[in-house]
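coords.cif, holding mmCIF, N, CA and C atoms:
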data_structure
loop_
_atom_site.label_atom_id
_atom_site.label_comp_id
_atom_site.auth_asym_id
_atom_site.auth_seq_id
_atom_site.Cartn_x
_atom_site.Cartn_y
_atom_site.Cartn_z
N MET F 696 74.06 36.19 53.23
CA MET F 696 74.87 37.25 52.67
C MET F 696 74.21 37.73 51.37
N PRO F 697 74.13 39.03 51.18
CA PRO F 697 73.63 39.53 49.90
C PRO F 697 74.66 39.27 48.80
N LEU F 698 74.22 39.35 47.57
CA LEU F 698 75.13 39.18 46.43
C LEU F 698 76.06 40.39 46.32
N SER F 699 77.28 40.14 45.89
CA SER F 699 78.22 41.22 45.61
C SER F 699 77.77 41.96 44.35
N ALA F 700 78.41 43.07 44.06
CA ALA F 700 78.06 43.83 42.85
C ALA F 700 78.23 42.97 41.60
N GLN F 701 79.30 42.19 41.54
CA GLN F 701 79.54 41.32 40.39
C GLN F 701 78.47 40.22 40.31
N GLU F 702 78.10 39.66 41.45
CA GLU F 702 77.07 38.62 41.49
C GLU F 702 75.69 39.19 41.15
N LEU F 703 75.42 40.43 41.58
CA LEU F 703 74.16 41.10 41.22
C LEU F 703 74.08 41.28 39.71
N SER F 704 75.19 41.62 39.10
CA SER F 704 75.24 41.78 37.65
C SER F 704 74.94 40.45 36.96
N LEU F 705 75.51 39.37 37.47
CA LEU F 705 75.26 38.03 36.94
C LEU F 705 73.77 37.68 37.07
N ALA F 706 73.19 37.93 38.24
CA ALA F 706 71.77 37.63 38.47
C ALA F 706 70.88 38.43 37.52
N THR F 707 71.23 39.68 37.30
CA THR F 707 70.47 40.52 36.37
C THR F 707 70.60 39.99 34.95
N ASP F 708 71.81 39.61 34.57
CA ASP F 708 72.06 39.06 33.23
C ASP F 708 71.26 37.78 33.01
N ILE F 709 71.12 36.97 34.04
CA ILE F 709 70.35 35.73 33.95
C ILE F 709 68.86 36.02 33.79
N GLY F 710 68.42 37.18 34.28
CA GLY F 710 67.03 37.56 34.11
C GLY F 710 66.22 37.67 35.39
N ILE F 711 66.87 37.56 36.53
CA ILE F 711 66.16 37.68 37.80
C ILE F 711 65.63 39.10 37.94
N GLN F 712 64.34 39.22 38.23
CA GLN F 712 63.70 40.53 38.31
C GLN F 712 64.08 41.30 39.58
N ASN F 713 64.33 40.57 40.66
CA ASN F 713 64.64 41.20 41.95
C ASN F 713 65.94 40.63 42.52
N PRO F 714 67.06 40.86 41.83
CA PRO F 714 68.32 40.26 42.28
C PRO F 714 68.76 40.73 43.67
N GLU F 715 68.32 41.91 44.08
CA GLU F 715 68.70 42.43 45.39
C GLU F 715 68.11 41.61 46.54
N LYS F 716 67.11 40.78 46.24
CA LYS F 716 66.49 39.93 47.26
C LYS F 716 67.27 38.63 47.50
N VAL F 717 68.15 38.28 46.57
CA VAL F 717 68.87 37.01 46.66
C VAL F 717 69.87 37.05 47.81
N ARG F 718 69.88 35.96 48.58
CA ARG F 718 70.83 35.80 49.68
C ARG F 718 71.49 34.44 49.56
N VAL F 719 72.77 34.37 49.87
CA VAL F 719 73.49 33.11 49.94
C VAL F 719 73.67 32.80 51.42
N VAL F 720 73.20 31.62 51.81
CA VAL F 720 73.23 31.21 53.21
C VAL F 720 74.14 29.99 53.32
N TYR F 721 75.25 30.15 54.03
CA TYR F 721 76.18 29.04 54.22
C TYR F 721 75.77 28.25 55.46
N VAL F 722 75.66 26.93 55.29
CA VAL F 722 75.17 26.06 56.36
C VAL F 722 76.02 24.78 56.42
N ASP F 723 75.98 24.12 57.57
CA ASP F 723 76.68 22.84 57.71
C ASP F 723 75.98 21.75 56.91
N GLU F 724 74.66 21.84 56.84
CA GLU F 724 73.87 20.87 56.07
C GLU F 724 72.76 21.61 55.35
N VAL F 725 72.64 21.39 54.06
CA VAL F 725 71.61 22.05 53.26
C VAL F 725 70.24 21.54 53.71
N PRO F 726 69.32 22.44 54.02
CA PRO F 726 68.01 22.00 54.55
C PRO F 726 67.14 21.33 53.50
N PHE F 727 66.23 20.53 53.98
CA PHE F 727 65.22 19.89 53.15
C PHE F 727 63.94 19.87 53.98
N PRO F 728 62.78 20.09 53.36
CA PRO F 728 61.52 20.13 54.12
C PRO F 728 61.07 18.74 54.57
N TYR F 729 61.81 18.17 55.53
CA TYR F 729 61.51 16.82 56.02
C TYR F 729 60.13 16.73 56.66
N ASP F 730 59.62 17.85 57.13
CA ASP F 730 58.31 17.83 57.78
C ASP F 730 57.16 17.62 56.79
N ASN F 731 57.43 17.78 55.52
CA ASN F 731 56.41 17.52 54.49
C ASN F 731 56.56 16.05 54.08
N PHE F 732 55.64 15.22 54.55
CA PHE F 732 55.74 13.77 54.36
C PHE F 732 55.85 13.39 52.88
N ALA F 733 55.05 14.01 52.03
CA ALA F 733 55.07 13.66 50.60
C ALA F 733 56.42 14.00 49.97
N LEU F 734 56.95 15.20 50.27
CA LEU F 734 58.24 15.58 49.71
C LEU F 734 59.36 14.71 50.26
N LYS F 735 59.31 14.40 51.55
CA LYS F 735 60.32 13.55 52.17
C LYS F 735 60.31 12.16 51.52
N THR F 736 59.13 11.58 51.37
CA THR F 736 59.01 10.25 50.79
C THR F 736 59.50 10.24 49.34
N LEU F 737 59.06 11.22 48.57
CA LEU F 737 59.48 11.30 47.17
C LEU F 737 60.97 11.59 47.06
N GLY F 738 61.48 12.49 47.89
CA GLY F 738 62.90 12.80 47.88
C GLY F 738 63.76 11.59 48.18
N GLU F 739 63.33 10.78 49.13
CA GLU F 739 64.06 9.55 49.45
C GLU F 739 63.97 8.54 48.31
N ALA F 740 62.78 8.41 47.73
CA ALA F 740 62.57 7.45 46.64
C ALA F 740 63.41 7.80 45.41
N LEU F 741 63.61 9.08 45.18
CA LEU F 741 64.38 9.52 44.01
C LEU F 741 65.87 9.60 44.29
N GLY F 742 66.25 9.33 45.54
CA GLY F 742 67.66 9.42 45.89
C GLY F 742 68.15 10.84 46.05
N PHE F 743 67.22 11.75 46.28
CA PHE F 743 67.53 13.16 46.41
C PHE F 743 67.98 13.49 47.83
N ILE F 744 67.44 12.75 48.79
CA ILE F 744 67.81 12.91 50.20
C ILE F 744 67.97 11.53 50.81
N GLY F 745 68.63 11.48 51.94
CA GLY F 745 68.80 10.23 52.65
C GLY F 745 70.21 10.09 53.19
N GLU F 746 70.46 8.96 53.84
CA GLU F 746 71.79 8.70 54.39
C GLU F 746 72.85 8.72 53.30
N ASP F 747 73.97 9.31 53.62
CA ASP F 747 75.14 9.37 52.73
C ASP F 747 74.92 10.20 51.47
N ILE F 748 73.83 10.95 51.39
CA ILE F 748 73.60 11.85 50.26
C ILE F 748 73.93 13.26 50.72
N ILE F 749 74.87 13.89 50.04
CA ILE F 749 75.29 15.24 50.41
C ILE F 749 74.78 16.20 49.36
N ASN F 750 73.97 17.13 49.80
CA ASN F 750 73.44 18.16 48.91
C ASN F 750 74.30 19.40 49.11
N ASN F 751 74.93 19.87 48.05
CA ASN F 751 75.85 21.00 48.15
C ASN F 751 75.16 22.35 48.10
N ALA F 752 74.06 22.45 47.37
CA ALA F 752 73.36 23.73 47.24
C ALA F 752 71.90 23.46 46.92
N GLN F 753 71.05 24.33 47.43
CA GLN F 753 69.61 24.18 47.21
C GLN F 753 68.99 25.57 47.26
N VAL F 754 68.06 25.83 46.37
CA VAL F 754 67.39 27.13 46.32
C VAL F 754 65.97 27.01 46.86
N PHE F 755 65.63 27.92 47.75
CA PHE F 755 64.26 28.06 48.26
C PHE F 755 63.91 29.54 48.10
N GLY F 756 63.17 29.87 47.06
CA GLY F 756 62.81 31.26 46.82
C GLY F 756 64.04 32.06 46.44
N TYR F 757 64.30 33.12 47.19
CA TYR F 757 65.47 33.96 46.93
C TYR F 757 66.68 33.56 47.77
N SER F 758 66.55 32.47 48.51
CA SER F 758 67.66 32.00 49.35
C SER F 758 68.37 30.82 48.70
N ILE F 759 69.68 30.94 48.59
CA ILE F 759 70.51 29.86 48.07
C ILE F 759 71.29 29.31 49.26
N TYR F 760 70.93 28.10 49.67
CA TYR F 760 71.63 27.45 50.77
C TYR F 760 72.82 26.69 50.20
N VAL F 761 73.99 26.92 50.77
CA VAL F 761 75.23 26.33 50.29
C VAL F 761 75.94 25.66 51.46
N ARG F 762 76.34 24.42 51.24
CA ARG F 762 77.06 23.68 52.28
C ARG F 762 78.43 24.31 52.49
N ASN F 763 78.79 24.53 53.74
CA ASN F 763 80.13 25.04 54.07
C ASN F 763 81.18 24.15 53.42
N GLY F 764 82.17 24.78 52.80
CA GLY F 764 83.23 24.04 52.14
C GLY F 764 82.99 23.81 50.66
N TYR F 765 81.77 24.08 50.19
CA TYR F 765 81.46 23.92 48.78
C TYR F 765 81.83 25.20 48.05
N GLU F 766 82.61 25.09 46.99
CA GLU F 766 83.03 26.28 46.24
C GLU F 766 81.91 26.71 45.28
N LEU F 767 81.28 27.81 45.62
CA LEU F 767 80.22 28.35 44.77
C LEU F 767 80.84 29.34 43.79
N ASN F 768 81.52 28.79 42.77
CA ASN F 768 82.18 29.64 41.78
C ASN F 768 81.13 30.22 40.82
N ARG F 769 81.58 31.01 39.87
CA ARG F 769 80.66 31.70 38.95
C ARG F 769 79.72 30.74 38.20
N PRO F 770 80.21 29.66 37.57
CA PRO F 770 79.29 28.76 36.87
C PRO F 770 78.29 28.09 37.82
N LYS F 771 78.74 27.70 38.99
CA LYS F 771 77.83 27.06 39.95
C LYS F 771 76.82 28.05 40.49
N LEU F 772 77.25 29.29 40.74
CA LEU F 772 76.31 30.32 41.18
C LEU F 772 75.29 30.59 40.08
N ALA F 773 75.74 30.65 38.83
CA ALA F 773 74.81 30.85 37.71
C ALA F 773 73.75 29.76 37.69
N HIS F 774 74.16 28.52 37.91
CA HIS F 774 73.23 27.39 37.96
C HIS F 774 72.17 27.64 39.03
N GLU F 775 72.61 28.01 40.23
CA GLU F 775 71.66 28.23 41.33
C GLU F 775 70.79 29.46 41.06
N LEU F 776 71.35 30.47 40.44
CA LEU F 776 70.56 31.66 40.11
C LEU F 776 69.47 31.35 39.09
N VAL F 777 69.72 30.41 38.19
CA VAL F 777 68.67 29.99 37.26
C VAL F 777 67.51 29.36 38.04
N HIS F 778 67.83 28.61 39.09
CA HIS F 778 66.76 28.06 39.92
C HIS F 778 65.98 29.18 40.62
N VAL F 779 66.67 30.23 41.05
CA VAL F 779 65.97 31.40 41.62
C VAL F 779 65.02 31.97 40.57
N LEU F 780 65.52 32.13 39.35
CA LEU F 780 64.70 32.65 38.25
C LEU F 780 63.48 31.77 38.00
N GLN F 781 63.67 30.47 38.00
CA GLN F 781 62.56 29.55 37.77
C GLN F 781 61.48 29.72 38.83
N ILE F 782 61.90 29.87 40.07
CA ILE F 782 60.94 30.08 41.16
C ILE F 782 60.27 31.43 41.02
N GLU F 783 61.04 32.44 40.63
CA GLU F 783 60.49 33.79 40.43
C GLU F 783 59.43 33.79 39.33
N ARG F 784 59.64 32.99 38.28
CA ARG F 784 58.70 32.92 37.16
C ARG F 784 57.39 32.23 37.54
N ALA F 785 57.46 31.31 38.48
CA ALA F 785 56.27 30.52 38.85
C ALA F 785 56.01 30.73 40.34
N SER F 786 56.38 29.75 41.13
CA SER F 786 56.32 29.82 42.59
C SER F 786 57.12 28.66 43.12
N LEU F 787 57.51 28.75 44.38
CA LEU F 787 58.29 27.67 44.97
C LEU F 787 57.49 26.37 44.96
N ASP F 788 56.22 26.42 45.35
CA ASP F 788 55.39 25.21 45.37
C ASP F 788 55.28 24.58 43.99
N HIS F 789 55.05 25.40 42.98
CA HIS F 789 54.94 24.89 41.61
C HIS F 789 56.25 24.25 41.15
N ILE F 790 57.35 24.92 41.42
CA ILE F 790 58.65 24.42 40.98
C ILE F 790 59.00 23.11 41.70
N ILE F 791 58.74 23.03 42.99
CA ILE F 791 59.01 21.78 43.73
C ILE F 791 58.20 20.64 43.14
N THR F 792 56.92 20.87 42.90
CA THR F 792 56.05 19.83 42.33
C THR F 792 56.54 19.42 40.95
N GLN F 793 56.83 20.41 40.10
CA GLN F 793 57.31 20.11 38.74
C GLN F 793 58.64 19.39 38.79
N HIS F 794 59.56 19.88 39.63
CA HIS F 794 60.91 19.32 39.66
C HIS F 794 60.89 17.85 40.11
N PHE F 795 60.14 17.55 41.14
CA PHE F 795 60.09 16.16 41.60
C PHE F 795 59.42 15.26 40.58
N SER F 796 58.40 15.77 39.94
CA SER F 796 57.74 15.00 38.88
C SER F 796 58.72 14.75 37.72
N ASP F 797 59.46 15.79 37.34
CA ASP F 797 60.45 15.66 36.27
C ASP F 797 61.58 14.71 36.66
N LEU F 798 62.02 14.78 37.93
CA LEU F 798 63.08 13.88 38.38
C LEU F 798 62.64 12.43 38.27
N ALA F 799 61.39 12.17 38.62
CA ALA F 799 60.87 10.80 38.54
C ALA F 799 60.78 10.34 37.09
N GLU F 800 60.41 11.25 36.20
CA GLU F 800 60.22 10.88 34.79
C GLU F 800 61.52 10.85 34.00
N TYR F 801 62.38 11.85 34.20
CA TYR F 801 63.56 12.02 33.35
C TYR F 801 64.90 11.72 34.03
N GLY F 802 64.92 11.68 35.35
CA GLY F 802 66.19 11.58 36.08
C GLY F 802 66.78 12.98 36.23
N TYR F 803 67.76 13.11 37.11
CA TYR F 803 68.32 14.41 37.44
C TYR F 803 68.92 15.12 36.23
N ASP F 804 69.79 14.45 35.52
CA ASP F 804 70.53 15.10 34.41
C ASP F 804 69.64 15.56 33.27
N ASN F 805 68.48 14.93 33.09
CA ASN F 805 67.60 15.27 31.98
C ASN F 805 66.32 16.00 32.39
N ALA F 806 66.18 16.28 33.67
CA ALA F 806 65.01 17.03 34.13
C ALA F 806 65.07 18.44 33.54
N PRO F 807 63.98 18.92 32.92
CA PRO F 807 64.01 20.21 32.23
C PRO F 807 64.53 21.39 33.05
N LEU F 808 64.18 21.47 34.33
CA LEU F 808 64.68 22.59 35.14
C LEU F 808 66.18 22.49 35.35
N GLU F 809 66.69 21.27 35.47
CA GLU F 809 68.14 21.09 35.61
C GLU F 809 68.86 21.34 34.29
N VAL F 810 68.25 20.92 33.20
CA VAL F 810 68.85 21.16 31.88
C VAL F 810 69.04 22.66 31.66
N GLU F 811 68.01 23.43 32.00
CA GLU F 811 68.10 24.90 31.88
C GLU F 811 69.21 25.45 32.77
N ALA F 812 69.31 24.95 33.99
CA ALA F 812 70.34 25.42 34.91
C ALA F 812 71.74 25.01 34.47
N PHE F 813 71.88 23.78 33.95
CA PHE F 813 73.19 23.32 33.48
C PHE F 813 73.68 24.13 32.29
N LYS F 814 72.77 24.66 31.48
CA LYS F 814 73.18 25.54 30.38
C LYS F 814 73.89 26.78 30.93
N ALA F 815 73.40 27.28 32.07
CA ALA F 815 74.03 28.45 32.69
C ALA F 815 75.43 28.11 33.18
N ASN F 816 75.62 26.88 33.71
CA ASN F 816 76.96 26.45 34.12
C ASN F 816 77.93 26.66 32.97
N LYS F 817 77.55 26.17 31.80
CA LYS F 817 78.42 26.23 30.63
C LYS F 817 78.58 27.65 30.13
N GLU F 818 77.46 28.36 30.00
CA GLU F 818 77.50 29.72 29.45
C GLU F 818 78.34 30.67 30.31
N TYR F 819 78.16 30.59 31.63
CA TYR F 819 78.84 31.55 32.49
C TYR F 819 80.23 31.10 32.91
N ALA F 820 80.63 29.91 32.51
CA ALA F 820 82.01 29.49 32.71
C ALA F 820 82.89 30.15 31.66
N LEU F 821 82.26 30.55 30.55
CA LEU F 821 83.00 31.13 29.43
C LEU F 821 83.06 32.65 29.49
N LYS F 822 82.21 33.27 30.29
CA LYS F 822 82.16 34.73 30.33
C LYS F 822 83.07 35.30 31.38
#
Take the structure in the file and write it out as structure tokens.
Amino acid sequence: MPLSAQELSLATDIGIQNPEKVRVVYVDEVPFPYDNFALKTLGEALGFIGEDIINNAQVFGYSIYVRNGYELNRPKLAHELVHVLQIERASLDHIITQHFSDLAEYGYDNAPLEVEAFKANKEYALK
């Protein structure tokens, strides 16, 4: 689904250069590139994927995959849109490599890309 007019405004405010490209894809299970052995192994080691781990939302480029039943409210959408912005600034490959490296070093809550996204949760909950 494309972003609504209000969501497009939010994406623009966050700084996304091409907000019209963003799509929200509702799925039963958020995808993960299991076919990439290195990412699969690292994802499992970091507790990012595996049995009993439910991923509610994940960004791949301009696509935001959201698990059916997960409420993607304004602060949560802002968080995911920051991840779109991060990928737009660099590349998906670069961001995946950086993010997994950061997760291993800092943990999820302190990983720099997540810290930036969590700021958007707070900022856009107030607007």
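Taking all atoms listed in the file into account, F:Asn751 lies nearest to F:Glu766 out of the set F:Asp797, F:Asp788, F:Asp804, F:Glu766.
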Got a sec to tell me which of chain F DSSP assigns to helix (DSSP H, G or I), as a CSV table (one decimal) with N, CA and C atoms, in the coordinates of the input?
chain,number,residue,atom,x,y,z
F,700,ALA,N,78.4,43.1,44.1
F,700,ALA,CA,78.1,43.8,42.8
F,700,ALA,C,78.2,43.0,41.6
F,701,GLN,N,79.3,42.2,41.5
F,701,GLN,CA,79.5,41.3,40.4
F,701,GLN,C,78.5,40.2,40.3
F,702,GLU,N,78.1,39.7,41.4
F,702,GLU,CA,77.1,38.6,41.5
F,702,GLU,C,75.7,39.2,41.2
F,703,LEU,N,75.4,40.4,41.6
F,703,LEU,CA,74.2,41.1,41.2
F,703,LEU,C,74.1,41.3,39.7
F,704,SER,N,75.2,41.6,39.1
F,704,SER,CA,75.2,41.8,37.6
F,704,SER,C,74.9,40.4,37.0
F,705,LEU,N,75.5,39.4,37.5
F,705,LEU,CA,75.3,38.0,36.9
F,705,LEU,C,73.8,37.7,37.1
F,706,ALA,N,73.2,37.9,38.2
F,706,ALA,CA,71.8,37.6,38.5
F,706,ALA,C,70.9,38.4,37.5
F,707,THR,N,71.2,39.7,37.3
F,707,THR,CA,70.5,40.5,36.4
F,707,THR,C,70.6,40.0,35.0
F,708,ASP,N,71.8,39.6,34.6
F,708,ASP,CA,72.1,39.1,33.2
F,708,ASP,C,71.3,37.8,33.0
F,709,ILE,N,71.1,37.0,34.0
F,709,ILE,CA,70.4,35.7,34.0
F,709,ILE,C,68.9,36.0,33.8
F,714,PRO,N,67.1,40.9,41.8
F,714,PRO,CA,68.3,40.3,42.3
F,714,PRO,C,68.8,40.7,43.7
F,715,GLU,N,68.3,41.9,44.1
F,715,GLU,CA,68.7,42.4,45.4
F,715,GLU,C,68.1,41.6,46.5
F,716,LYS,N,67.1,40.8,46.2
F,716,LYS,CA,66.5,39.9,47.3
F,716,LYS,C,67.3,38.6,47.5
F,732,PHE,N,55.6,15.2,54.6
F,732,PHE,CA,55.7,13.8,54.4
F,732,PHE,C,55.8,13.4,52.9
F,733,ALA,N,55.0,14.0,52.0
F,733,ALA,CA,55.1,13.7,50.6
F,733,ALA,C,56.4,14.0,50.0
F,734,LEU,N,57.0,15.2,50.3
F,734,LEU,CA,58.2,15.6,49.7
F,734,LEU,C,59.4,14.7,50.3
F,735,LYS,N,59.3,14.4,51.6
F,735,LYS,CA,60.3,13.6,52.2
F,735,LYS,C,60.3,12.2,51.5
F,736,THR,N,59.1,11.6,51.4
F,736,THR,CA,59.0,10.2,50.8
F,736,THR,C,59.5,10.2,49.3
F,737,LEU,N,59.1,11.2,48.6
F,737,LEU,CA,59.5,11.3,47.2
F,737,LEU,C,61.0,11.6,47.1
F,738,GLY,N,61.5,12.5,47.9
F,738,GLY,CA,62.9,12.8,47.9
F,738,GLY,C,63.8,11.6,48.2
F,739,GLU,N,63.3,10.8,49.1
F,739,GLU,CA,64.1,9.6,49.4
F,739,GLU,C,64.0,8.5,48.3
F,740,ALA,N,62.8,8.4,47.7
F,740,ALA,CA,62.6,7.4,46.6
F,740,ALA,C,63.4,7.8,45.4
F,769,ARG,N,81.6,31.0,39.9
F,769,ARG,CA,80.7,31.7,39.0
F,769,ARG,C,79.7,30.7,38.2
F,770,PRO,N,80.2,29.7,37.6
F,770,PRO,CA,79.3,28.8,36.9
F,770,PRO,C,78.3,28.1,37.8
F,771,LYS,N,78.7,27.7,39.0
F,771,LYS,CA,77.8,27.1,40.0
F,771,LYS,C,76.8,28.0,40.5
F,772,LEU,N,77.2,29.3,40.7
F,772,LEU,CA,76.3,30.3,41.2
F,772,LEU,C,75.3,30.6,40.1
F,773,ALA,N,75.7,30.6,38.8
F,773,ALA,CA,74.8,30.8,37.7
F,773,ALA,C,73.8,29.8,37.7
F,774,HIS,N,74.2,28.5,37.9
F,774,HIS,CA,73.2,27.4,38.0
F,774,HIS,C,72.2,27.6,39.0
F,775,GLU,N,72.6,28.0,40.2
F,775,GLU,CA,71.7,28.2,41.3
F,775,GLU,C,70.8,29.5,41.1
F,776,LEU,N,71.4,30.5,40.4
F,776,LEU,CA,70.6,31.7,40.1
F,776,LEU,C,69.5,31.4,39.1
F,777,VAL,N,69.7,30.4,38.2
F,777,VAL,CA,68.7,30.0,37.3
F,777,VAL,C,67.5,29.4,38.0
F,778,HIS,N,67.8,28.6,39.1
F,778,HIS,CA,66.8,28.1,39.9
F,778,HIS,C,66.0,29.2,40.6
F,779,VAL,N,66.7,30.2,41.0
F,779,VAL,CA,66.0,31.4,41.6
F,779,VAL,C,65.0,32.0,40.6
F,780,LEU,N,65.5,32.1,39.4
F,780,LEU,CA,64.7,32.6,38.2
F,780,LEU,C,63.5,31.8,38.0
F,781,GLN,N,63.7,30.5,38.0
F,781,GLN,CA,62.6,29.6,37.8
F,781,GLN,C,61.5,29.7,38.8
F,782,ILE,N,61.9,29.9,40.1
F,782,ILE,CA,60.9,30.1,41.2
F,782,ILE,C,60.3,31.4,41.0
F,783,GLU,N,61.0,32.4,40.6
F,783,GLU,CA,60.5,33.8,40.4
F,783,GLU,C,59.4,33.8,39.3
F,784,ARG,N,59.6,33.0,38.3
F,784,ARG,CA,58.7,32.9,37.2
F,784,ARG,C,57.4,32.2,37.5
F,787,LEU,N,57.5,28.8,44.4
F,787,LEU,CA,58.3,27.7,45.0
F,787,LEU,C,57.5,26.4,45.0
F,788,ASP,N,56.2,26.4,45.4
F,788,ASP,CA,55.4,25.2,45.4
F,788,ASP,C,55.3,24.6,44.0
F,789,HIS,N,55.0,25.4,43.0
F,789,HIS,CA,54.9,24.9,41.6
F,789,HIS,C,56.2,24.2,41.2
F,790,ILE,N,57.4,24.9,41.4
F,790,ILE,CA,58.6,24.4,41.0
F,790,ILE,C,59.0,23.1,41.7
F,791,ILE,N,58.7,23.0,43.0
F,791,ILE,CA,59.0,21.8,43.7
F,791,ILE,C,58.2,20.6,43.1
F,792,THR,N,56.9,20.9,42.9
F,792,THR,CA,56.0,19.8,42.3
F,792,THR,C,56.5,19.4,41.0
F,793,GLN,N,56.8,20.4,40.1
F,793,GLN,CA,57.3,20.1,38.7
F,793,GLN,C,58.6,19.4,38.8
F,794,HIS,N,59.6,19.9,39.6
F,794,HIS,CA,60.9,19.3,39.7
F,794,HIS,C,60.9,17.8,40.1
F,795,PHE,N,60.1,17.6,41.1
F,795,PHE,CA,60.1,16.2,41.6
F,795,PHE,C,59.4,15.3,40.6
F,796,SER,N,58.4,15.8,39.9
F,796,SER,CA,57.7,15.0,38.9
F,796,SER,C,58.7,14.8,37.7
F,797,ASP,N,59.5,15.8,37.3
F,797,ASP,CA,60.4,15.7,36.3
F,797,ASP,C,61.6,14.7,36.7
F,798,LEU,N,62.0,14.8,37.9
F,798,LEU,CA,63.1,13.9,38.4
F,798,LEU,C,62.6,12.4,38.3
F,799,ALA,N,61.4,12.2,38.6
F,799,ALA,CA,60.9,10.8,38.5
F,799,ALA,C,60.8,10.3,37.1
F,800,GLU,N,60.4,11.2,36.2
F,800,GLU,CA,60.2,10.9,34.8
F,800,GLU,C,61.5,10.8,34.0
F,801,TYR,N,62.4,11.8,34.2
F,801,TYR,CA,63.6,12.0,33.4
F,801,TYR,C,64.9,11.7,34.0
F,807,PRO,N,64.0,18.9,32.9
F,807,PRO,CA,64.0,20.2,32.2
F,807,PRO,C,64.5,21.4,33.0
F,808,LEU,N,64.2,21.5,34.3
F,808,LEU,CA,64.7,22.6,35.1
F,808,LEU,C,66.2,22.5,35.4
F,809,GLU,N,66.7,21.3,35.5
F,809,GLU,CA,68.1,21.1,35.6
F,809,GLU,C,68.9,21.3,34.3
F,810,VAL,N,68.2,20.9,33.2
F,810,VAL,CA,68.8,21.2,31.9
F,810,VAL,C,69.0,22.7,31.7
F,811,GLU,N,68.0,23.4,32.0
F,811,GLU,CA,68.1,24.9,31.9
F,811,GLU,C,69.2,25.4,32.8
F,812,ALA,N,69.3,25.0,34.0
F,812,ALA,CA,70.3,25.4,34.9
F,812,ALA,C,71.7,25.0,34.5
F,813,PHE,N,71.9,23.8,34.0
F,813,PHE,CA,73.2,23.3,33.5
F,813,PHE,C,73.7,24.1,32.3
F,814,LYS,N,72.8,24.7,31.5
F,814,LYS,CA,73.2,25.5,30.4
F,814,LYS,C,73.9,26.8,30.9
F,815,ALA,N,73.4,27.3,32.1
F,815,ALA,CA,74.0,28.4,32.7
F,815,ALA,C,75.4,28.1,33.2
F,816,ASN,N,75.6,26.9,33.7
F,816,ASN,CA,77.0,26.4,34.1
F,816,ASN,C,77.9,26.7,33.0
F,817,LYS,N,77.6,26.2,31.8
F,817,LYS,CA,78.4,26.2,30.6
F,817,LYS,C,78.6,27.6,30.1
F,818,GLU,N,77.5,28.4,30.0
F,818,GLU,CA,77.5,29.7,29.4
F,818,GLU,C,78.3,30.7,30.3
F,819,TYR,N,78.2,30.6,31.6
F,819,TYR,CA,78.8,31.6,32.5
F,819,TYR,C,80.2,31.1,32.9
F,820,ALA,N,80.6,29.9,32.5
F,820,ALA,CA,82.0,29.5,32.7
F,820,ALA,C,82.9,30.2,31.7
F,821,LEU,N,82.3,30.6,30.6
F,821,LEU,CA,83.0,31.1,29.4
F,821,LEU,C,83.1,32.6,29.5
query = Within 8 Å of stretch 703-710 of chain F, counting only C-alpha atoms, which residues qualify if same-chain residues fewer than 5 places away don't, as a ChimeraX atom specification?
reply = /F:698,715,773,776-777,780
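For the atom pair formed by atom CA of F:Pro770 and atom CA of F:Ala815, the distance is 6.7 Å, given to one decimal.
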message = For the structure I just gave you, how does DSSP split chain F - specifically, which residues are strand (DSSP E or B)? Reply as a list of chain:residue names.
response = F:Pro697, F:Arg718, F:Val719, F:Val720, F:Tyr721, F:Val722, F:Ala752, F:Gln753, F:Val754, F:Phe755, F:Ser758, F:Ile759, F:Tyr760, F:Val761, F:Arg762
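Nearest residue to F:Ile711, choosing from F:Leu798, F:Val810, F:Val779, F:Ile791 and counting all atoms listed in the file: F:Val779.
Contact shell of F:Ala799 at 8 Å (all atoms listed in the file; same-chain neighbours under 5 positions omitted): F:Ala740, F:Leu741, F:Gln793, F:His794, F:Ala806.
Restricting the calculation to all atoms listed in the file, the smallest distance between F:Pro726 and any of F:Pro714, F:Asn750, F:Tyr819, F:Asn768 is found for F:Asn750.
With atom CA of F:Asp730 on one side and atom CA of F:Glu811 on the other, the separation reads 28.6 Å.
Nearest to F:Arg784 of all the residues F:Glu739, F:Tyr765, F:Asn816, F:Gln712 is F:Gln712, based on all atoms listed in the file.
As for atom N of F:Lys735 and atom CA of F:Gly764, they are spaced 25.8 Å apart.
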Provide an axis-aligned box for all listed atoms of stretch 778-792 of chain F, padding each side by 8 Å; report its centre and its edge lengths in Å to one decimal, as AutoDock Vina command-line options.
--center_x 61.4 --center_y 26.6 --center_z 41.3 --size_x 28.9 --size_y 30.4 --size_z 24.2
ask   = Once you count only C-alpha atoms, which residues end up no further than 6 Å from (66.0, 34.1, 45.5) in the file's frame, shown as a ChimeraX atom specification?
value = /F:717,756-758,779
request  = Would you list the contacts of F:Leu787 as a PyMOL selection string, taking every protein, DNA or RNA residue within 7 Å and counting all atoms listed in the file, but skipping same-chain residues closer than 5 positions in sequence?
outcome  = chain F and resi 755-756+781-782+792
message = Selection in question (the file shown): the PyMOL selection byres ((chain F and resi 723) around 6.5). Which residues does it include, as a PyMOL selection string?
response = chain F and resi 721-722+724-725+761-763
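If all atoms listed in the file are the atoms counted, then among F:Gly802, F:Glu818, F:Ala812, F:Ser796 the closest residue to F:Glu775 is F:Ala812.
Distance check against F:Leu737 using all atoms listed in the file: of F:Ser699, F:Tyr801, F:Phe795, F:Ile759, the minimum falls on F:Phe795.
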